[in-house]
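Asks: The structure under discussion is supplied below as structure tokens; questions concerning it will follow.
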Amino acid sequence: MSRKFKKYYIGVDVGGTSIKFGVFGQNGTENKKFITKFSVETFFRKRDAERLITKDIFNAIDNYIEINDIGMTKRNIYGIGYAIPGPVVKNTVVRAVNINWKKKYDLVGATKRHYGKNVNVIVLNDGNAAALGEYNYYLKGKYQSMCLMTLGTAVGIGIIIDGKLVEGKHGIAGELSHLKVDHSKDALKCNCGNYGCLETVTGGKGIANVYNRMYHTNTAKVATDVIWPARKGNKKALAALEHSLGYLSIAISIIMLVYEPEIILIGGGVSHEGKFIIDIIKKSLKGKVFITKKLPKIVIAKLKNQAGMYGIVSEL
Ligand SMILES: [Zn+2]
């Protein structure tokens, strides 16, 4: 790595299984350039998870500062941004159930105490950060409104209207991952404490859940355990996948009825399966979208699982 930058920025995407770090550099006023990324495992913390996971994050960044060969030091880090899997209001994390953050937490304050008060720090909900990444890097200028549905292990949804992110008064706008869509008696318990949330029946974990429940098994661990056989023509797997994405289409039809975005993007690990997934979603939307017979424009997101870190850094 030869090119040195004057300013460095770090985007931290905090997930339930891993914490991803994106390192960006900038000279003058040019766009921030992606340099490299690394990740660490997310250790589940039973108690004091806010402080302990933050400490894990600082340790990972400090280690990178020690070993990097791009000239990044504690002094030339100008900004650190976080994407958090939970509601965030005005830079404060409200809670994040997937990483056991139960109370309001001032991640900005903690970061400034560690890296200095001049470091610019922002915190966004992960679904919102990813939506901003896709929007700021690819859609700005072409579209005014969009919705990004990130189907990772969990589900994240980000809404942009008139070119602006919609967070809501308490940060729950777009949190359709906790929309109750499964009304069956054996609906699964969600991390949020409710039963039958969208996230329990779609997205990486949810697709596997639906398959396991339909066929009284526990062989499906991740989405690809269902998607790959379905692709090869396995009827049972395809039926489960269609059932699972049918739940997603309920959320899409609600989004359409509420603000009819110009474009809907599907991101996250599940989106790696491309057109195969899009076609199933479109099929299951038929009969769910009101009056306008024209289906919304639904495409695969471009930034894959890096959308969150791009989004945060673009705002720093
Ligand atoms: Zn929930």
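A note on labels: chains of the structure tokens are A, B, ... as shown, every chain counts residues from 1, and ligands are counted from 1 in their shown order.
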Select the residues contacting ligand 1 at a distance of at most 8 Å, based on only C-alpha atoms and all ligand atoms, then format the selection as a PDB file with all heavy atoms, in the first residue's frame.
Replies:
```pdb
ATOM      1  N   SER A 177     -38.295  -4.374  10.105  1.00  0.00           N
ATOM      2  CA  SER A 177     -37.815  -5.707  10.493  1.00  0.00           C
ATOM      3  C   SER A 177     -38.586  -6.199  11.723  1.00  0.00           C
ATOM      4  O   SER A 177     -38.636  -7.388  12.007  1.00  0.00           O
ATOM      5  CB  SER A 177     -36.317  -5.683  10.768  1.00  0.00           C
ATOM      6  OG  SER A 177     -35.985  -4.568  11.554  1.00  0.00           O
ATOM      7  N   HIS A 178     -39.198  -5.246  12.459  1.00  0.00           N
ATOM      8  CA  HIS A 178     -39.999  -5.634  13.617  1.00  0.00           C
ATOM      9  C   HIS A 178     -41.498  -5.458  13.380  1.00  0.00           C
ATOM     10  O   HIS A 178     -42.280  -5.283  14.312  1.00  0.00           O
ATOM     11  CB  HIS A 178     -39.513  -4.906  14.874  1.00  0.00           C
ATOM     12  CG  HIS A 178     -38.080  -5.231  15.162  1.00  0.00           C
ATOM     13  ND1 HIS A 178     -37.684  -6.451  15.656  1.00  0.00           N
ATOM     14  CD2 HIS A 178     -36.944  -4.536  14.904  1.00  0.00           C
ATOM     15  CE1 HIS A 178     -36.372  -6.478  15.726  1.00  0.00           C
ATOM     16  NE2 HIS A 178     -35.890  -5.340  15.283  1.00  0.00           N
ATOM     17  N   LEU A 179     -41.863  -5.505  12.116  1.00  0.00           N
ATOM     18  CA  LEU A 179     -43.286  -5.535  11.766  1.00  0.00           C
ATOM     19  C   LEU A 179     -43.770  -6.966  11.975  1.00  0.00           C
ATOM     20  O   LEU A 179     -43.137  -7.919  11.508  1.00  0.00           O
ATOM     21  CB  LEU A 179     -43.447  -5.149  10.285  1.00  0.00           C
ATOM     22  CG  LEU A 179     -44.831  -5.317   9.669  1.00  0.00           C
ATOM     23  CD1 LEU A 179     -45.768  -4.220  10.161  1.00  0.00           C
ATOM     24  CD2 LEU A 179     -44.738  -5.277   8.144  1.00  0.00           C
ATOM     25  N   LYS A 180     -44.886  -7.131  12.707  1.00  0.00           N
ATOM     26  CA  LYS A 180     -45.395  -8.485  12.921  1.00  0.00           C
ATOM     27  C   LYS A 180     -46.071  -8.970  11.641  1.00  0.00           C
ATOM     28  O   LYS A 180     -47.069  -8.405  11.205  1.00  0.00           O
ATOM     29  CB  LYS A 180     -46.380  -8.506  14.090  1.00  0.00           C
ATOM     30  CG  LYS A 180     -46.836  -9.913  14.460  1.00  0.00           C
ATOM     31  CD  LYS A 180     -47.758  -9.856  15.677  1.00  0.00           C
ATOM     32  CE  LYS A 180     -48.355 -11.218  15.980  1.00  0.00           C
ATOM     33  NZ  LYS A 180     -47.432 -12.133  16.651  1.00  0.00           N
ATOM     34  N   LYS A 189     -39.999 -16.150  18.563  1.00  0.00           N
ATOM     35  CA  LYS A 189     -39.695 -14.969  19.354  1.00  0.00           C
ATOM     36  C   LYS A 189     -38.541 -14.211  18.697  1.00  0.00           C
ATOM     37  O   LYS A 189     -37.539 -14.801  18.299  1.00  0.00           O
ATOM     38  CB  LYS A 189     -39.319 -15.368  20.788  1.00  0.00           C
ATOM     39  CG  LYS A 189     -39.254 -14.169  21.700  1.00  0.00           C
ATOM     40  CD  LYS A 189     -39.082 -14.548  23.157  1.00  0.00           C
ATOM     41  CE  LYS A 189     -39.118 -13.280  24.002  1.00  0.00           C
ATOM     42  NZ  LYS A 189     -38.886 -13.531  25.415  1.00  0.00           N
ATOM     43  N   CYS A 190     -38.730 -12.902  18.591  1.00  0.00           N
ATOM     44  CA  CYS A 190     -37.709 -12.041  17.990  1.00  0.00           C
ATOM     45  C   CYS A 190     -36.779 -11.519  19.094  1.00  0.00           C
ATOM     46  O   CYS A 190     -37.149 -11.508  20.264  1.00  0.00           O
ATOM     47  CB  CYS A 190     -38.405 -10.887  17.284  1.00  0.00           C
ATOM     48  SG  CYS A 190     -37.311  -9.709  16.501  1.00  0.00           S
ATOM     49  N   ASN A 191     -35.593 -11.055  18.718  1.00  0.00           N
ATOM     50  CA  ASN A 191     -34.677 -10.452  19.685  1.00  0.00           C
ATOM     51  C   ASN A 191     -35.287  -9.253  20.405  1.00  0.00           C
ATOM     52  O   ASN A 191     -34.848  -8.886  21.491  1.00  0.00           O
ATOM     53  CB  ASN A 191     -33.396  -9.981  18.985  1.00  0.00           C
ATOM     54  CG  ASN A 191     -32.472 -11.139  18.673  1.00  0.00           C
ATOM     55  OD1 ASN A 191     -32.485 -12.162  19.357  1.00  0.00           O
ATOM     56  ND2 ASN A 191     -31.685 -10.994  17.623  1.00  0.00           N
ATOM     57  N   CYS A 192     -36.303  -8.641  19.787  1.00  0.00           N
ATOM     58  CA  CYS A 192     -36.915  -7.456  20.391  1.00  0.00           C
ATOM     59  C   CYS A 192     -37.916  -7.826  21.485  1.00  0.00           C
ATOM     60  O   CYS A 192     -38.404  -6.969  22.202  1.00  0.00           O
ATOM     61  CB  CYS A 192     -37.594  -6.611  19.328  1.00  0.00           C
ATOM     62  SG  CYS A 192     -39.142  -7.314  18.713  1.00  0.00           S
ATOM     63  N   GLY A 193     -38.234  -9.130  21.588  1.00  0.00           N
ATOM     64  CA  GLY A 193     -39.167  -9.575  22.627  1.00  0.00           C
ATOM     65  C   GLY A 193     -40.549  -9.904  22.085  1.00  0.00           C
ATOM     66  O   GLY A 193     -41.318 -10.612  22.720  1.00  0.00           O
ATOM     67  N   ASN A 194     -40.881  -9.386  20.901  1.00  0.00           N
ATOM     68  CA  ASN A 194     -42.175  -9.709  20.285  1.00  0.00           C
ATOM     69  C   ASN A 194     -42.080 -11.024  19.497  1.00  0.00           C
ATOM     70  O   ASN A 194     -40.993 -11.572  19.331  1.00  0.00           O
ATOM     71  CB  ASN A 194     -42.608  -8.574  19.343  1.00  0.00           C
ATOM     72  CG  ASN A 194     -42.993  -7.319  20.099  1.00  0.00           C
ATOM     73  OD1 ASN A 194     -43.309  -7.371  21.293  1.00  0.00           O
ATOM     74  ND2 ASN A 194     -42.948  -6.188  19.434  1.00  0.00           N
ATOM     75  N   TYR A 195     -43.224 -11.484  19.021  1.00  0.00           N
ATOM     76  CA  TYR A 195     -43.261 -12.734  18.254  1.00  0.00           C
ATOM     77  C   TYR A 195     -43.677 -12.468  16.803  1.00  0.00           C
ATOM     78  O   TYR A 195     -44.560 -11.649  16.560  1.00  0.00           O
ATOM     79  CB  TYR A 195     -44.258 -13.712  18.893  1.00  0.00           C
ATOM     80  CG  TYR A 195     -43.773 -14.287  20.196  1.00  0.00           C
ATOM     81  CD1 TYR A 195     -43.890 -13.544  21.372  1.00  0.00           C
ATOM     82  CD2 TYR A 195     -43.150 -15.536  20.253  1.00  0.00           C
ATOM     83  CE1 TYR A 195     -43.419 -14.040  22.582  1.00  0.00           C
ATOM     84  CE2 TYR A 195     -42.683 -16.045  21.453  1.00  0.00           C
ATOM     85  CZ  TYR A 195     -42.819 -15.293  22.615  1.00  0.00           C
ATOM     86  OH  TYR A 195     -42.346 -15.793  23.802  1.00  0.00           O
ATOM     87  N   GLY A 196     -43.048 -13.185  15.885  1.00  0.00           N
ATOM     88  CA  GLY A 196     -43.477 -13.137  14.485  1.00  0.00           C
ATOM     89  C   GLY A 196     -43.034 -11.915  13.700  1.00  0.00           C
ATOM     90  O   GLY A 196     -43.620 -11.604  12.664  1.00  0.00           O
ATOM     91  N   CYS A 197     -41.992 -11.222  14.183  1.00  0.00           N
ATOM     92  CA  CYS A 197     -41.467 -10.071  13.442  1.00  0.00           C
ATOM     93  C   CYS A 197     -40.929 -10.529  12.088  1.00  0.00           C
ATOM     94  O   CYS A 197     -40.491 -11.671  11.924  1.00  0.00           O
ATOM     95  CB  CYS A 197     -40.317  -9.414  14.203  1.00  0.00           C
ATOM     96  SG  CYS A 197     -40.812  -8.591  15.721  1.00  0.00           S
ATOM     97  N   LEU A 198     -40.919  -9.608  11.118  1.00  0.00           N
ATOM     98  CA  LEU A 198     -40.403  -9.881   9.773  1.00  0.00           C
ATOM     99  C   LEU A 198     -39.033 -10.569   9.820  1.00  0.00           C
ATOM    100  O   LEU A 198     -38.761 -11.512   9.087  1.00  0.00           O
ATOM    101  CB  LEU A 198     -40.310  -8.554   8.999  1.00  0.00           C
ATOM    102  CG  LEU A 198     -39.802  -8.637   7.557  1.00  0.00           C
ATOM    103  CD1 LEU A 198     -40.750  -9.438   6.687  1.00  0.00           C
ATOM    104  CD2 LEU A 198     -39.589  -7.245   6.972  1.00  0.00           C
ATOM    105  N   GLU A 199     -38.190 -10.068  10.726  1.00  0.00           N
ATOM    106  CA  GLU A 199     -36.832 -10.594  10.846  1.00  0.00           C
ATOM    107  C   GLU A 199     -36.768 -12.078  11.240  1.00  0.00           C
ATOM    108  O   GLU A 199     -35.794 -12.755  10.959  1.00  0.00           O
ATOM    109  CB  GLU A 199     -36.117  -9.739  11.899  1.00  0.00           C
ATOM    110  CG  GLU A 199     -34.646  -9.918  11.985  1.00  0.00           C
ATOM    111  CD  GLU A 199     -34.018  -8.785  12.798  1.00  0.00           C
ATOM    112  OE1 GLU A 199     -33.878  -7.677  12.259  1.00  0.00           O
ATOM    113  OE2 GLU A 199     -33.693  -9.006  13.973  1.00  0.00           O
ATOM    114  N   THR A 200     -37.829 -12.583  11.886  1.00  0.00           N
ATOM    115  CA  THR A 200     -37.814 -13.993  12.286  1.00  0.00           C
ATOM    116  C   THR A 200     -38.150 -14.917  11.114  1.00  0.00           C
ATOM    117  O   THR A 200     -37.902 -16.113  11.169  1.00  0.00           O
ATOM    118  CB  THR A 200     -38.823 -14.290  13.432  1.00  0.00           C
ATOM    119  OG1 THR A 200     -40.159 -14.086  12.939  1.00  0.00           O
ATOM    120  CG2 THR A 200     -38.586 -13.407  14.642  1.00  0.00           C
TER     121      THR A 200
END
```
Asks: Within 9 Å of stretch 226-234 of chain A, which residues of stretch 242-280 of chain A show up? Give each one with its shortest atom-to-atom distance in Å (one decimal) and the two atoms involved, counting only C-alpha atoms, rows by chain then rising residue number, as CSV.
Replies:
```
residue,atom,partner,partner_atom,distance
A:Val270,CA,A:Ile227,CA,8.6
A:Glu273,CA,A:Ile227,CA,8.0
A:Phe276,CA,A:Arg231,CA,7.7
A:Ile277,CA,A:Ile227,CA,8.7
```
Asks: Could those residues be written to a file, using C-alpha atoms, as a compact mmCIF listing (two decimals), in the first residue's frame?
Replies:
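Everything below was put into result26.txt:
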```txt
# COMPACT_ATOMS: atom_id res chain seq x y z
CA VAL A 270 -29.16 -12.85 0.48
CA GLU A 273 -28.29 -14.58 -5.28
CA PHE A 276 -33.31 -15.40 -8.72
CA ILE A 277 -34.33 -13.63 -5.48
```
Asks: Compile the contact shell of A:Arg45 as a PyMOL selection string: residues with an atom at most 10 Å away, counting only C-alpha atoms, same-chain residues fewer than 5 positions apart removed.
Replies: chain A and resi 50-53+99-101
Asks: Write a file of the just-selected residues containing all heavy atoms, as a compact mmCIF listing (two decimals), in the first residue's frame.
Replies:
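Writing the result to result-v3.txt gives the following:
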```
# COMPACT_ATOMS: atom_id res chain seq x y z
N GLU A 50 -22.69 -2.46 26.25
CA GLU A 50 -22.41 -1.18 25.58
C GLU A 50 -20.92 -0.84 25.71
O GLU A 50 -20.22 -0.61 24.72
CB GLU A 50 -23.25 -0.04 26.20
CG GLU A 50 -24.76 -0.20 26.00
CD GLU A 50 -25.41 -1.06 27.08
OE1 GLU A 50 -24.68 -1.62 27.93
OE2 GLU A 50 -26.66 -1.17 27.07
N ARG A 51 -20.44 -0.86 26.95
CA ARG A 51 -19.05 -0.47 27.22
C ARG A 51 -18.06 -1.51 26.68
O ARG A 51 -17.05 -1.17 26.08
CB ARG A 51 -18.86 -0.29 28.74
CG ARG A 51 -17.66 0.54 29.12
CD ARG A 51 -17.56 0.69 30.63
NE ARG A 51 -17.51 -0.60 31.32
CZ ARG A 51 -16.40 -1.31 31.47
NH1 ARG A 51 -15.27 -0.87 30.98
NH2 ARG A 51 -16.43 -2.48 32.11
N LEU A 52 -18.39 -2.80 26.87
CA LEU A 52 -17.43 -3.85 26.49
C LEU A 52 -17.27 -3.97 24.98
O LEU A 52 -16.16 -4.14 24.47
CB LEU A 52 -17.84 -5.19 27.11
CG LEU A 52 -17.70 -5.23 28.64
CD1 LEU A 52 -18.30 -6.51 29.21
CD2 LEU A 52 -16.23 -5.11 29.05
N ILE A 53 -18.36 -3.89 24.25
CA ILE A 53 -18.25 -3.99 22.78
C ILE A 53 -17.54 -2.74 22.23
O ILE A 53 -16.74 -2.82 21.31
CB ILE A 53 -19.63 -4.23 22.13
CG1 ILE A 53 -20.09 -5.67 22.47
CG2 ILE A 53 -19.60 -4.03 20.61
CD1 ILE A 53 -21.46 -6.07 21.96
N ILE A 99 -27.14 -6.95 19.80
CA ILE A 99 -25.84 -6.98 20.48
C ILE A 99 -26.00 -6.72 21.98
O ILE A 99 -25.05 -6.42 22.69
CB ILE A 99 -24.84 -5.98 19.85
CG1 ILE A 99 -25.45 -4.56 19.72
CG2 ILE A 99 -24.36 -6.47 18.49
CD1 ILE A 99 -24.46 -3.49 19.29
N ASN A 100 -27.25 -6.86 22.42
CA ASN A 100 -27.57 -6.77 23.85
C ASN A 100 -27.33 -5.38 24.46
O ASN A 100 -27.01 -5.28 25.64
CB ASN A 100 -26.80 -7.85 24.64
CG ASN A 100 -27.52 -8.23 25.92
OD1 ASN A 100 -28.75 -8.13 26.01
ND2 ASN A 100 -26.78 -8.63 26.93
N TRP A 101 -27.45 -4.33 23.65
CA TRP A 101 -27.38 -2.97 24.19
C TRP A 101 -28.79 -2.60 24.62
O TRP A 101 -29.67 -2.42 23.78
CB TRP A 101 -26.86 -1.98 23.14
CG TRP A 101 -25.39 -2.14 22.86
CD1 TRP A 101 -24.62 -3.23 23.14
CD2 TRP A 101 -24.52 -1.19 22.23
NE1 TRP A 101 -23.34 -3.02 22.73
CE2 TRP A 101 -23.25 -1.79 22.17
CE3 TRP A 101 -24.70 0.10 21.71
CZ2 TRP A 101 -22.15 -1.13 21.60
CZ3 TRP A 101 -23.61 0.75 21.16
CH2 TRP A 101 -22.35 0.15 21.11
```
Asks: Leaving out stretch 154-167 of chain A and any residue of its chain fewer than 2 positions from it, which residues lie within 6 Å of it when counting only C-alpha atoms, given as a ChimeraX atom specification?
Replies: /A:127-128,131,144-152,171,173-174,177,199,203
Asks: Would you mind reading off the distance between atom CA of A:Gly246 and atom CA of A:Ala301, one decimal, in Å?
Replies: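 About the pair atom CA of A:Gly246 and atom CA of A:Ala301: they are 19.6 Å apart.
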Asks: Taking the DSSP secondary structure from the backbone, can you list the residues of stretch 93-283 of chain A that are strand (DSSP E or B), as number ranges by chain?
Replies: A: 93, 96, 101, 105, 120-125, 140, 143, 146-151, 155-161, 164-165, 180, 189, 195, 197, 263-267
Asks: Can you list, as a list in words, every protein, DNA or RNA residue that comes within 10 Å of A:Ile77 when you count only C-alpha atoms, leaving out same-chain residues fewer than 2 positions away?
Replies: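 Here the answer would be Lys6, Lys7, Tyr8, Tyr9, Ile10, Val23, Phe24, Gly25, Ile65, Met72, Thr73, Lys74, Arg75, Gly79, Ile80, Tyr115, Gly116, Asn118, Val119 and Asn120 of chain A.
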Asks: Write the residues of the selection above to a file with N, CA and C atoms, as a PDB file, in the first residue's frame.
Replies:
```pdb
ATOM      1  N   LYS A   6      -3.807  12.536   3.649  1.00  0.00           N
ATOM      2  CA  LYS A   6      -3.682  13.533   4.726  1.00  0.00           C
ATOM      3  C   LYS A   6      -4.667  13.227   5.848  1.00  0.00           C
ATOM      4  N   LYS A   7      -5.881  12.818   5.415  1.00  0.00           N
ATOM      5  CA  LYS A   7      -6.920  12.567   6.415  1.00  0.00           C
ATOM      6  C   LYS A   7      -7.427  11.135   6.277  1.00  0.00           C
ATOM      7  N   TYR A   8      -7.731  10.537   7.430  1.00  0.00           N
ATOM      8  CA  TYR A   8      -8.284   9.172   7.403  1.00  0.00           C
ATOM      9  C   TYR A   8      -9.638   9.135   8.120  1.00  0.00           C
ATOM     10  N   TYR A   9     -10.479   8.234   7.645  1.00  0.00           N
ATOM     11  CA  TYR A   9     -11.827   8.067   8.215  1.00  0.00           C
ATOM     12  C   TYR A   9     -12.098   6.577   8.388  1.00  0.00           C
ATOM     13  N   ILE A  10     -12.785   6.244   9.446  1.00  0.00           N
ATOM     14  CA  ILE A  10     -13.111   4.835   9.677  1.00  0.00           C
ATOM     15  C   ILE A  10     -14.625   4.670   9.817  1.00  0.00           C
ATOM     16  N   VAL A  23     -11.671   1.483   6.063  1.00  0.00           N
ATOM     17  CA  VAL A  23     -10.736   2.596   6.198  1.00  0.00           C
ATOM     18  C   VAL A  23     -10.754   3.402   4.895  1.00  0.00           C
ATOM     19  N   PHE A  24     -10.966   4.706   5.029  1.00  0.00           N
ATOM     20  CA  PHE A  24     -11.045   5.601   3.869  1.00  0.00           C
ATOM     21  C   PHE A  24     -10.011   6.714   4.034  1.00  0.00           C
ATOM     22  N   GLY A  25      -9.511   7.231   2.905  1.00  0.00           N
ATOM     23  CA  GLY A  25      -8.540   8.324   2.950  1.00  0.00           C
ATOM     24  C   GLY A  25      -9.008   9.488   2.113  1.00  0.00           C
ATOM     25  N   ILE A  65      -4.072   0.729  13.873  1.00  0.00           N
ATOM     26  CA  ILE A  65      -3.174   1.899  13.877  1.00  0.00           C
ATOM     27  C   ILE A  65      -1.723   1.437  14.046  1.00  0.00           C
ATOM     28  N   MET A  72      -1.569   5.851   8.625  1.00  0.00           N
ATOM     29  CA  MET A  72      -2.625   6.286   9.536  1.00  0.00           C
ATOM     30  C   MET A  72      -2.125   6.232  10.983  1.00  0.00           C
ATOM     31  N   THR A  73      -2.285   7.357  11.693  1.00  0.00           N
ATOM     32  CA  THR A  73      -1.932   7.404  13.113  1.00  0.00           C
ATOM     33  C   THR A  73      -3.154   7.928  13.869  1.00  0.00           C
ATOM     34  N   LYS A  74      -3.047   7.951  15.199  1.00  0.00           N
ATOM     35  CA  LYS A  74      -4.165   8.481  15.987  1.00  0.00           C
ATOM     36  C   LYS A  74      -4.415   9.953  15.635  1.00  0.00           C
ATOM     37  N   ARG A  75      -3.346  10.651  15.159  1.00  0.00           N
ATOM     38  CA  ARG A  75      -3.440  12.093  14.907  1.00  0.00           C
ATOM     39  C   ARG A  75      -4.112  12.456  13.591  1.00  0.00           C
ATOM     40  N   GLY A  79     -12.289  11.317  11.306  1.00  0.00           N
ATOM     41  CA  GLY A  79     -13.665  10.955  11.598  1.00  0.00           C
ATOM     42  C   GLY A  79     -13.852   9.462  11.814  1.00  0.00           C
ATOM     43  N   ILE A  80     -14.743   9.134  12.744  1.00  0.00           N
ATOM     44  CA  ILE A  80     -15.112   7.736  12.977  1.00  0.00           C
ATOM     45  C   ILE A  80     -16.643   7.693  13.000  1.00  0.00           C
ATOM     46  N   TYR A 115     -10.256   8.962  21.348  1.00  0.00           N
ATOM     47  CA  TYR A 115      -9.494   9.421  20.173  1.00  0.00           C
ATOM     48  C   TYR A 115      -9.328  10.942  20.101  1.00  0.00           C
ATOM     49  N   GLY A 116      -9.851  11.650  21.082  1.00  0.00           N
ATOM     50  CA  GLY A 116      -9.670  13.099  21.103  1.00  0.00           C
ATOM     51  C   GLY A 116     -10.933  13.826  20.694  1.00  0.00           C
ATOM     52  N   ASN A 118     -11.441  16.398  18.920  1.00  0.00           N
ATOM     53  CA  ASN A 118     -11.531  16.972  17.570  1.00  0.00           C
ATOM     54  C   ASN A 118     -11.967  15.971  16.505  1.00  0.00           C
ATOM     55  N   VAL A 119     -11.995  14.686  16.880  1.00  0.00           N
ATOM     56  CA  VAL A 119     -12.432  13.677  15.907  1.00  0.00           C
ATOM     57  C   VAL A 119     -13.938  13.813  15.699  1.00  0.00           C
ATOM     58  N   ASN A 120     -14.328  13.859  14.433  1.00  0.00           N
ATOM     59  CA  ASN A 120     -15.741  13.940  14.101  1.00  0.00           C
ATOM     60  C   ASN A 120     -16.353  12.539  14.279  1.00  0.00           C
TER      61      ASN A 120
END
```
Asks: Using only C-alpha atoms for the distances, tell me which of A:Ser314, A:Ser271, A:Asn125, A:Ser284 is nearest to A:Ile250.
Replies: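 Smallest distance to A:Ile250 is found for A:Ser284.
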Asks: Using only C-alpha atoms, which of A:Ile281, A:Leu238, A:Leu265, A:Leu257 sits nearest A:Ile298?
Replies: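 That would be A:Leu265, the residue with the smallest distance to A:Ile298.
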Asks: One number please: atom CA of A:Asn91 to atom CA of A:Val123, in Å, one decimal.
Replies: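 Calculated distance between atom CA of A:Asn91 and atom CA of A:Val123 is 4.8 Å.
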Asks: From a DSSP pass on the backbone, collect the residues of stretch 191-278 of chain A flagged as helix (DSSP H, G or I) and hand them back as number ranges by chain.
Replies: A: 198-201, 203-214, 224-231, 235-259, 269-273, 275-278
Asks: Counting only C-alpha atoms, figure out which residue out of A:Ala187, A:Val40, A:Ala240, A:Val289 gets nearest to A:Ile207.
Replies: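 Looking only at the distances to A:Ile207, the closest residue turns out to be A:Ala240.
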Asks: Rank A:Val222, A:Ala60, A:Ile172, A:Val14 by their smallest atom-to-atom distance to A:Asn98, using only C-alpha atoms, and report the top residue only.
Replies: A:Val14
Asks: Tell me which of A:Lys4, A:Lys302, A:Lys20, A:Lys286 sits closest to A:Asn136, counting only C-alpha atoms.
Replies: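 Using only C-alpha atoms, A:Asn136 sits closest to A:Lys302.
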Asks: Quick check, in Å to one decimal: how far apart do atom CA of A:Ile67 and atom CA of A:Lys33 lie?
Replies: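 Those two atoms sit 19.9 Å apart.
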Asks: Measuring atom to atom with only C-alpha atoms, identify which of A:Ser253, A:Thr36, A:Thr17, A:Asn209 is nearest to A:Asp186.
Replies: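 So, comparing all the options, the nearest one is A:Asn209.
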